[in-house]
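Visitor: Submitted below is the structure of interest, expressed as structure tokens.
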Amino acid sequence: MDLNQVFGYIGAMFIGVVLGLIGGGGSILTVPILVYLLFVNPVTATAYSLFVVGVSSLVGAIRNIQKGLVDFKTAIVFAIPAFIAVYITRKYVVPAIPESLFSIGNLTITKNIGIMLFFAVIMLIASISMIRNKREAEREISEVSYNYPLIIIEGITVGVITGIVGAGGGFLIIPALVLLAKLPMKKAVATSLLIIAIKSLIGFIGDVENLDIDWTFLLIFTFISVLGIFLGIYLSNFIEGKKLKKGFGWFVLIMGIYIIYKELTL
């Protein structure tokens with residue numbers, strides 16, 4: 001095992017620890033770790049990320065189900081358009097993207113560069129969401145109501161983004177559940193994990209039919225991430241996750257800027 005692999009598996013642990021500590025966000029580092037430390041092709045990396053994100057989110061969702069925090073009706077209403085969109089994106093849209101997208105002077109934007117640049121933009125948006133870190137309302141809402149058309153549109157949008165970049169999209173899902181389904185924040189966070197798990201794992205099924213999956217590597221990487229989640233949950237007894245969220249947001253912002261610089265100066 002070379003040094004890059006060691007750092008890659010340490011990164012897998014870090015992903016899990018962040019997820020355990022702040023309840024989300026860590027999965028957005030999966031693709032950069034796979035691409036830049038473990039030299040996985042970006043298309044394959046986004047597929048692996050879907051599996052890692054799906055399994056990790058499922059672990060968190062099961063914990064939340066045991067606590068009675070998951071709103072299953074809302075999860076189903078949101079998840080159906082999301083997982084249809086992510087499956088179609090992984091099965092048909094991503095393979096159909098041409099290898100060469102366009103050129104700017106001497107710079108040719110390839111499919112791999114385009115995916116990483118789009119991913120970096122999503123990282124920047126997610127980082128701003130974490131840095132702003134508005135106080136989360138803890139009010140309980142007596143009756144959940146649904147804006148079905150907007151929930152379906154949001155589900156499709158999140159599904160397409162997840163399909164392209166392999167990230168969970170919790171920073172998009174949670175506000176949608178609060179604003180469009182009128183869920184209280186704690187339930188929105190808990191329910192989003194179940195939605196992320198379902199759509200990520202179904203999206204990955206679209207990849208199994210298109211890509212050669214290195215199952216040994218993928219299962220080891222995922223197992224380390226899940227161990228990291230339990231370590232993060234344990235550390236959360238001593239460290240307040242909300243205080244870390246803003247600092248992690250700045251880290252994600254810097255990583256997003258670095259990816260844009262790296263991809264455009266190859």
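FYI, nothing fancy with the structure tokens labels: chains A, B, ... in order, residues from 1 per chain, ligands from 1 as they appear.
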Wanna dump the region 115-208 of chain A-region 34-40 of chain A contacts at 12 Å for me, each residue with its shortest atom pair and the distance in Å to one decimal, counting only C-alpha atoms, ordered by chain and number, as a tab-separated table?

Guide:
residue	atom	partner	partner_atom	distance
A:Ile115	CA	A:Val35	CA	11.4
A:Met116	CA	A:Val35	CA	9.2
A:Phe119	CA	A:Val35	CA	11.8
A:Gly166	CA	A:Leu34	CA	11.6

Visitor: Determine, counting only C-alpha atoms, which protein, DNA and RNA residues have an atom within 7 Å of an atom of region 241-255 of chain A; residues of the same chain fewer than 5 positions away are not included. Present the result as a list of chain:residue names.

Guide: A:Leu21, A:Ile22, A:Met123, A:Leu124, A:Ser127, A:Ile128, A:Met130, A:Ile131, A:Asn133, A:Ser236

Visitor: Counting only C-alpha atoms, which of A:Val59, A:Leu201, A:Ala47, A:Val70 gets nearest to Gly16 (chain A)?

Guide: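 Checking each candidate against Gly16 (chain A), we get A:Val59 as the closest.
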
Visitor: Among region 75-208 of chain A, which ones does DSSP assign to alpha helix (DSSP H) (computed from the backbone)? Answer as a VMD selection string.

Guide: chain A and resid 75 to 88 94 to 96 111 to 132 148 to 165 170 to 180 185 to 208

Visitor: Identify, on the basis of only C-alpha atoms, every residue whose closest approach to Lys111 (chain A) does not exceed 9 Å; exclude the query and any residue fewer than 2 positions from it along the same chain; express the result as a count of residues only.

Guide: 12
